[in-house]
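Asker: Got a file for you: input.cif, mmCIF, C-alpha atoms.
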```
data_protein
loop_
_atom_site.label_atom_id
_atom_site.label_comp_id
_atom_site.auth_asym_id
_atom_site.auth_seq_id
_atom_site.Cartn_x
_atom_site.Cartn_y
_atom_site.Cartn_z
CA MET A 205 -19.70 41.71 20.92
CA GLU A 206 -19.69 37.90 20.50
CA GLU A 207 -18.84 37.86 16.80
CA ASN A 208 -15.57 39.74 17.34
CA GLU A 209 -14.06 37.20 19.73
CA ASP A 210 -11.86 35.73 16.95
CA VAL A 211 -12.67 32.01 17.14
CA PRO A 212 -9.48 29.89 17.42
CA LYS A 213 -8.48 28.37 14.08
CA ASP A 214 -5.96 25.84 12.79
CA PHE A 215 -4.40 26.53 9.38
CA ILE A 216 -2.77 23.42 7.92
CA LYS A 217 -1.31 23.28 4.44
CA LEU A 218 0.96 20.90 2.54
CA LYS A 219 2.03 22.47 -0.75
CA SER A 220 4.75 22.36 -3.37
CA GLU A 221 5.09 26.12 -3.79
CA LYS A 222 7.59 28.22 -1.82
CA LEU A 223 6.45 28.91 1.75
CA SER A 224 5.94 32.46 2.96
CA VAL A 225 6.76 33.61 6.48
CA ASP A 226 4.62 36.73 5.99
CA GLU A 227 1.63 34.68 4.90
CA VAL A 228 1.88 32.19 7.79
CA SER A 229 2.38 34.93 10.42
CA GLU A 230 -0.57 36.91 9.14
CA LEU A 231 -2.81 33.86 9.43
CA VAL A 232 -2.39 33.73 13.22
CA VAL A 233 -2.29 37.43 14.09
CA SER A 234 -5.18 38.40 16.36
CA PRO A 235 -6.21 41.59 18.14
CA TYR A 236 -6.58 39.48 21.31
CA CYS A 237 -2.97 38.27 21.17
CA GLY A 238 0.20 40.03 22.21
CA ALA A 239 2.47 37.28 20.91
CA VAL A 240 3.07 35.42 17.66
CA SER A 241 5.81 32.78 17.86
CA LEU A 242 7.37 31.27 14.77
CA PHE A 243 9.52 28.28 13.80
CA ILE A 244 11.06 28.02 10.34
CA GLY A 245 12.79 24.76 9.28
CA THR A 246 15.32 25.45 6.52
CA THR A 247 17.51 23.16 4.46
CA ARG A 248 21.23 22.90 5.21
CA ASN A 249 23.77 22.59 2.39
CA ASN A 250 25.84 19.79 3.91
CA PHE A 251 25.55 16.50 5.78
CA GLU A 252 28.59 14.56 7.10
CA GLY A 253 30.92 16.29 4.69
CA LYS A 254 28.70 15.70 1.64
CA LYS A 255 27.31 18.61 -0.32
CA VAL A 256 23.50 18.64 -0.35
CA ILE A 257 22.16 19.70 -3.74
CA HIS A 258 18.53 19.96 -2.63
CA LEU A 259 15.87 18.13 -0.60
CA GLU A 260 12.78 16.30 -1.80
CA TYR A 261 9.76 15.76 0.44
CA GLU A 262 6.83 13.39 0.01
CA ALA A 263 3.85 12.78 2.27
CA TYR A 264 0.94 10.48 3.00
CA THR A 265 -1.06 13.64 2.60
CA SER A 266 -4.42 12.76 4.08
CA MET A 267 -2.90 11.10 7.15
CA ALA A 268 -0.31 13.89 7.55
CA GLU A 269 -3.09 16.49 7.72
CA THR A 270 -4.97 14.35 10.24
CA GLU A 271 -1.87 13.94 12.42
CA ILE A 272 -1.18 17.71 12.30
CA ARG A 273 -4.80 18.34 13.33
CA LYS A 274 -4.22 16.01 16.32
CA ILE A 275 -1.13 18.04 17.25
CA CYS A 276 -3.19 21.25 17.13
CA ARG A 277 -5.85 19.65 19.34
CA ASP A 278 -3.19 18.59 21.85
CA VAL A 279 -1.65 22.09 21.82
CA ARG A 280 -5.02 23.57 22.76
CA LYS A 281 -5.41 21.10 25.65
CA LYS A 282 -1.94 21.89 27.02
CA TRP A 283 -2.06 25.65 26.41
CA PRO A 284 -5.74 26.69 26.44
CA SER A 285 -4.93 30.34 25.85
CA VAL A 286 -3.42 29.64 22.42
CA LYS A 287 -5.49 31.41 19.77
CA HIS A 288 -4.47 30.40 16.22
CA ILE A 289 -2.06 27.76 14.94
CA ALA A 290 -0.62 27.57 11.41
CA VAL A 291 1.49 24.69 10.08
CA HIS A 292 2.68 24.91 6.47
CA HIS A 293 4.93 22.13 5.12
CA ARG A 294 6.45 22.09 1.68
CA LEU A 295 6.41 19.01 -0.54
CA GLY A 296 8.47 18.15 -3.61
CA VAL A 297 11.83 19.79 -4.30
CA VAL A 298 13.07 22.31 -1.71
CA PRO A 299 16.26 24.22 -2.67
CA ILE A 300 18.98 24.93 -0.09
CA THR A 301 18.17 27.73 2.42
CA GLU A 302 14.48 27.71 1.52
CA ALA A 303 11.95 26.79 4.21
CA SER A 304 10.54 23.27 4.40
CA VAL A 305 8.23 23.99 7.31
CA ILE A 306 6.82 27.10 8.99
CA ILE A 307 4.86 26.92 12.26
CA ALA A 308 3.20 29.98 13.80
CA VAL A 309 1.18 30.22 17.03
CA SER A 310 -0.53 33.21 18.61
CA SER A 311 -1.45 33.68 22.27
CA PRO A 312 -2.25 36.61 24.56
CA HIS A 313 1.14 36.33 26.32
CA ARG A 314 4.41 35.01 24.95
CA ALA A 315 5.13 31.94 27.13
CA GLU A 316 2.32 29.82 25.70
CA SER A 317 3.00 30.50 22.03
CA LEU A 318 6.74 29.90 22.45
CA GLU A 319 6.15 26.57 24.20
CA ALA A 320 3.43 25.55 21.76
CA VAL A 321 5.63 26.15 18.71
CA MET A 322 8.37 23.95 20.18
CA TYR A 323 5.84 21.23 20.98
CA CYS A 324 4.45 21.40 17.42
CA ILE A 325 7.76 20.91 15.63
CA ASN A 326 8.96 18.21 18.06
CA THR A 327 5.72 16.25 17.75
CA LEU A 328 5.56 16.73 13.98
CA LYS A 329 8.98 15.12 13.70
CA ALA A 330 7.80 12.14 15.77
CA SER A 331 4.40 11.46 14.26
CA VAL A 332 3.56 13.05 10.90
CA PRO A 333 3.99 10.78 7.82
CA ILE A 334 6.27 13.02 5.73
CA TRP A 335 9.62 11.84 4.29
CA LYS A 336 12.72 13.79 3.29
CA LYS A 337 15.26 12.66 0.72
CA GLU A 338 18.64 14.45 0.69
CA ILE A 339 20.13 14.64 -2.80
CA TYR A 340 23.97 14.78 -2.88
CA GLU A 341 26.23 15.03 -5.90
CA ASP A 342 26.56 11.29 -6.52
CA GLU A 343 23.89 9.68 -4.35
CA TYR A 344 20.86 10.32 -2.18
CA SER A 345 19.65 9.33 1.27
CA TRP A 346 16.25 8.96 2.90
CA LYS A 347 16.54 10.74 6.25
CA GLU A 348 15.16 9.37 9.51
CA ASN A 349 14.16 11.64 12.40
CA LYS A 350 15.66 10.58 15.74
CA GLU A 351 12.20 11.22 17.16
CA CYS A 352 10.78 8.38 15.02
CA PHE A 353 10.49 5.39 17.33
CA TRP A 354 10.55 2.78 14.55
CA ALA A 355 13.82 3.98 12.97
CA ASN A 356 16.93 1.87 13.58
CA SER A 357 19.29 4.78 14.03
CA GLU A 358 22.00 2.75 15.77
CA LYS A 359 22.28 -0.03 13.13
CA MET B 103 -17.25 -18.24 0.37
CA GLY B 104 -14.66 -20.37 2.07
CA SER B 105 -12.94 -19.19 5.23
CA GLY B 106 -9.21 -18.32 5.24
CA SER B 107 -6.80 -20.66 6.98
CA GLY B 108 -6.51 -20.25 10.74
CA LEU B 109 -8.47 -17.11 11.50
CA GLY B 110 -11.43 -17.40 9.17
CA GLY B 111 -13.46 -14.58 7.67
CA GLY B 112 -12.53 -14.94 3.99
CA ARG B 113 -10.50 -12.53 1.92
CA GLY B 114 -11.09 -8.91 0.91
CA SER B 115 -9.46 -6.22 -1.20
CA VAL B 116 -7.42 -3.52 0.48
CA SER B 117 -5.58 -0.53 -1.01
CA VAL B 118 -1.87 -0.78 -0.20
CA LEU B 119 0.10 2.48 -0.33
CA TYR B 120 3.91 2.60 -0.55
CA PHE B 121 6.02 5.60 0.47
CA ALA B 122 9.66 6.66 0.32
CA ARG B 123 12.08 3.73 0.39
CA SER B 124 9.23 1.18 0.35
CA ALA B 125 7.92 2.67 -2.92
CA GLU B 126 11.41 2.36 -4.43
CA LEU B 127 11.72 -1.28 -3.35
CA ALA B 128 8.20 -2.27 -4.43
CA GLY B 129 8.46 -0.28 -7.66
CA LEU B 130 5.04 1.31 -7.26
CA ARG B 131 3.06 3.68 -5.06
CA CYS B 132 -0.30 1.93 -4.72
CA GLU B 133 -2.16 -1.22 -5.63
CA THR B 134 -5.12 -3.33 -4.61
CA LEU B 135 -4.32 -6.62 -2.90
CA SER B 136 -6.58 -9.45 -1.79
CA VAL B 137 -5.75 -10.44 1.79
CA PRO B 138 -7.51 -12.36 4.58
CA ARG B 139 -10.02 -10.10 6.34
CA GLU B 140 -8.76 -11.15 9.79
CA ILE B 141 -5.00 -11.20 9.92
CA THR B 142 -2.21 -10.16 12.28
CA SER B 143 -0.10 -7.19 11.24
CA LEU B 144 2.92 -9.48 10.84
CA GLN B 145 0.95 -11.86 8.60
CA LEU B 146 -0.18 -8.88 6.52
CA TRP B 147 3.46 -7.86 6.09
CA GLU B 148 4.33 -11.37 4.97
CA GLU B 149 1.50 -11.33 2.39
CA ILE B 150 2.86 -8.07 0.97
CA VAL B 151 6.46 -9.35 0.91
CA LYS B 152 5.30 -12.37 -1.12
CA VAL B 153 4.24 -9.91 -3.83
CA HIS B 154 7.31 -7.63 -3.42
CA PRO B 155 10.21 -9.67 -2.00
CA ARG B 156 12.64 -6.70 -1.97
CA LEU B 157 10.57 -5.14 0.83
CA ALA B 158 12.14 -7.70 3.18
CA LEU B 159 15.20 -5.40 3.27
CA ILE B 160 13.33 -2.86 5.40
CA ARG B 161 11.30 -5.22 7.59
CA ASP B 162 12.92 -3.95 10.81
CA GLN B 163 12.33 -0.31 10.05
CA VAL B 164 8.70 -0.03 9.01
CA VAL B 165 5.31 0.21 10.62
CA PHE B 166 1.90 0.11 8.99
CA ALA B 167 -0.80 2.73 8.96
CA VAL B 168 -4.15 0.90 8.82
CA ARG B 169 -7.11 3.25 8.26
CA GLN B 170 -4.59 6.01 9.12
CA GLU B 171 -3.63 4.65 12.55
CA TYR B 172 -0.08 3.41 13.14
CA VAL B 173 0.26 -0.35 13.74
CA LEU B 174 3.50 -2.16 14.62
CA LEU B 175 4.39 -5.37 12.79
CA GLY B 176 3.45 -8.09 15.26
CA ASP B 177 0.58 -9.99 16.82
CA GLN B 178 -2.01 -7.23 16.67
CA LEU B 179 -5.13 -8.64 15.01
CA LEU B 180 -6.49 -6.52 12.19
CA VAL B 181 -10.07 -6.76 10.96
CA LEU B 182 -9.94 -5.35 7.45
CA GLN B 183 -12.95 -4.02 5.55
CA PRO B 184 -13.04 -4.01 1.72
CA GLY B 185 -11.37 -0.84 0.44
CA ASP B 186 -9.43 -0.15 3.66
CA GLU B 187 -6.18 1.77 3.19
CA VAL B 188 -3.02 0.08 4.44
CA ALA B 189 0.18 2.12 4.10
CA ILE B 190 3.80 0.99 4.50
CA ILE B 191 5.48 3.64 6.67
CA PRO B 192 9.32 3.79 6.62
CA PRO B 193 11.01 5.98 9.27
CA ILE B 194 9.60 9.49 8.95
CA SER B 195 11.59 12.67 8.39
CA GLY B 196 9.21 15.61 8.24
CA GLY B 197 9.95 19.05 9.57
#
```
When written as structure tokens, how does the structure in this file appear?
Answerer:
Amino acid sequence: MEENEDVPKDFIKLKSEKLSVDEVSELVVSPYCGAVSLFIGTTRNNFEGKKVIHLEYEAYTSMAETEIRKICRDVRKKWPSVKHIAVHHRLGVVPITEASVIIAVSSPHRAESLEAVMYCINTLKASVPIWKKEIYEDEYSWKENKECFWANSEK
Amino acid sequence: MGSGSGLGGGRGSVSVLYFARSAELAGLRCETLSVPREITSLQLWEEIVKVHPRLALIRDQVVFAVRQEYVLLGDQLLVLQPGDEVAIIPPISGG
């Protein structure tokens, strides 16, 4: 039955509300898949001895969505058996221990979805125009991913 | 319409978007600027710094996104259409 083949879909969302692991997992579940792999990026409460009060994220939203779509396209080239991909990223204020990003991938067998999730988060950190500000007690700091090739991390 | 100095082609209006540290230094998030239509990415940076001198502080750490494609500051020749989006992109930290 052609219409029950569960056409592969990408679910991309940038939003300011709290992210839900249940919601993101359910998006990618498929009767044709035996594996759903998940990555959750959460916020730590300290950096170099300073207490982190919370994080704030901003994005070049239209370009961020386009870059995430490119990542999904590349995932499907590298792992053709991948079925659904979901990438949800939070914007605005993110309290400590809450999720800033959730990535879920489904595939018939586990190897592909596990590898694809790792590729998604690594590539997101290198190429998607989203910025994180860490708010401490007395100051704040714009973070720079080591994956970002135009950051001067050594200076 | 006269031609711009050097590369020719006249001037046009582009939307400049500022993010993160660059928005703090420029004091705003977006504006329309008139720039030469044919310009290298480095020359475009210099035009923007004339308007917002404090941006010079981050010159070594930014790239552009022109029509949503990353462009390094350098000799790359840009051909800008009226209304094109040009974004200042400080080091990213998503995820």
Asker: For the interface of chain A with chain B (cut-off 7 Å, counting only C-alpha atoms), please tabulate each contacting residue of chain A alongside its nearest pair of atoms and their separation in Å to one decimal, rows sorted by chain and increasing number, as a tab-separated table.
Answerer:
```
residue	atom	partner	partner_atom	distance
A:Gly245	CA	B:Gly197	CA	6.4
A:Met267	CA	B:Gln170	CA	5.7
A:Ser304	CA	B:Gly197	CA	6.7
A:Val305	CA	B:Gly197	CA	5.7
A:Ile325	CA	B:Gly197	CA	6.7
A:Leu328	CA	B:Gly197	CA	6.6
A:Lys329	CA	B:Gly196	CA	5.5
A:Val332	CA	B:Gly196	CA	6.7
A:Pro333	CA	B:Ile194	CA	5.9
A:Ile334	CA	B:Gly196	CA	4.7
A:Trp335	CA	B:Ser195	CA	4.6
A:Lys336	CA	B:Ser195	CA	5.3
A:Lys347	CA	B:Ser195	CA	5.7
A:Glu348	CA	B:Ser195	CA	5.0
A:Asn349	CA	B:Ser195	CA	4.9
A:Cys352	CA	B:Pro193	CA	6.2
A:Trp354	CA	B:Gln163	CA	5.7
A:Ala355	CA	B:Pro193	CA	5.1
A:Asn356	CA	B:Gln163	CA	6.2
```
Asker: Within 8 Å of (-7.8, -6.4, 10.2), in the coordinates the file gives, what residues turn up when you count all atoms listed in the file, written out as a VMD selection string?
Answerer: chain B and resid 139 to 143 179 to 183
Asker: Restricting the calculation to all atoms listed in the file, which member of A:Phe215, A:Phe251, A:Phe243, A:Tyr236 is positioned closest to Met322 (chain A)?
Answerer: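 Nearest candidate to Met322 (chain A) out of A:Phe215, A:Phe251, A:Phe243, A:Tyr236: A:Phe243.
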Asker: CA of Pro235 (chain A) to CA of Lys282 (chain A): how many Å, to one decimal?
Answerer: 22.0 Å
Asker: Taking the file as shown, find all residues satisfying the PyMOL selection byres ((chain A and resi 253-257) around 9) and write them as a list in words.
Answerer: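 Taken over the shown coordinates, the PyMOL selection byres ((chain A and resi 253-257) around 9) returns Thr247, Arg248, Asn249, Asn250, Phe251, Glu252, His258, Leu259, Pro299, Ile300, Glu338, Ile339, Tyr340, Glu341 and Tyr344 of chain A.
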Asker: Using Å and a single decimal, report how far CA of Arg273 (chain A) sits from CA of Val233 (chain A).
Answerer: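 Rounded to one decimal, the two atoms are 19.3 Å apart.
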Asker: At what distance in Å, to one decimal, does CA of Ser266 (chain A) lie from CA of Ser241 (chain A)?
Answerer: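 Distance between the two atoms: 26.4 Å.
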Asker: Applying 8 Å and only C-alpha atoms, which residues near Cys237 (chain A) remain after dropping the ones on its own chain fewer than 6 positions away? List them as an mmCIF file with C-alpha atoms, in the coordinates of the input.
Answerer:
```
data_model
loop_
_atom_site.group_PDB
_atom_site.id
_atom_site.type_symbol
_atom_site.label_atom_id
_atom_site.label_comp_id
_atom_site.auth_asym_id
_atom_site.auth_seq_id
_atom_site.Cartn_x
_atom_site.Cartn_y
_atom_site.Cartn_z
ATOM 1 C CA LYS A 287 -5.490 31.410 19.770
ATOM 2 C CA SER A 310 -0.530 33.210 18.610
ATOM 3 C CA SER A 311 -1.450 33.680 22.270
ATOM 4 C CA PRO A 312 -2.250 36.610 24.560
ATOM 5 C CA HIS A 313 1.140 36.330 26.320
#
```
Asker: Taking all atoms of region 124-135 of chain B that appear in the file, build a box with edges along x, y and z, extend it by 3 Å on every side, and state its centre and edge lengths in Å to one decimal, as AutoDock Vina command-line options.
Answerer:
```
--center_x 3.3 --center_y -1.5 --center_z -3.7 --size_x 22.8 --size_y 16.3 --size_z 14.0
```
Asker: Counting only C-alpha atoms, which residue out of A:Lys337, A:Lys217, A:Lys274, A:Lys350 sits closest to Val291 (chain A)?
Answerer: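 Once distances to Val291 (chain A) are computed over only C-alpha atoms, the minimum belongs to A:Lys217.
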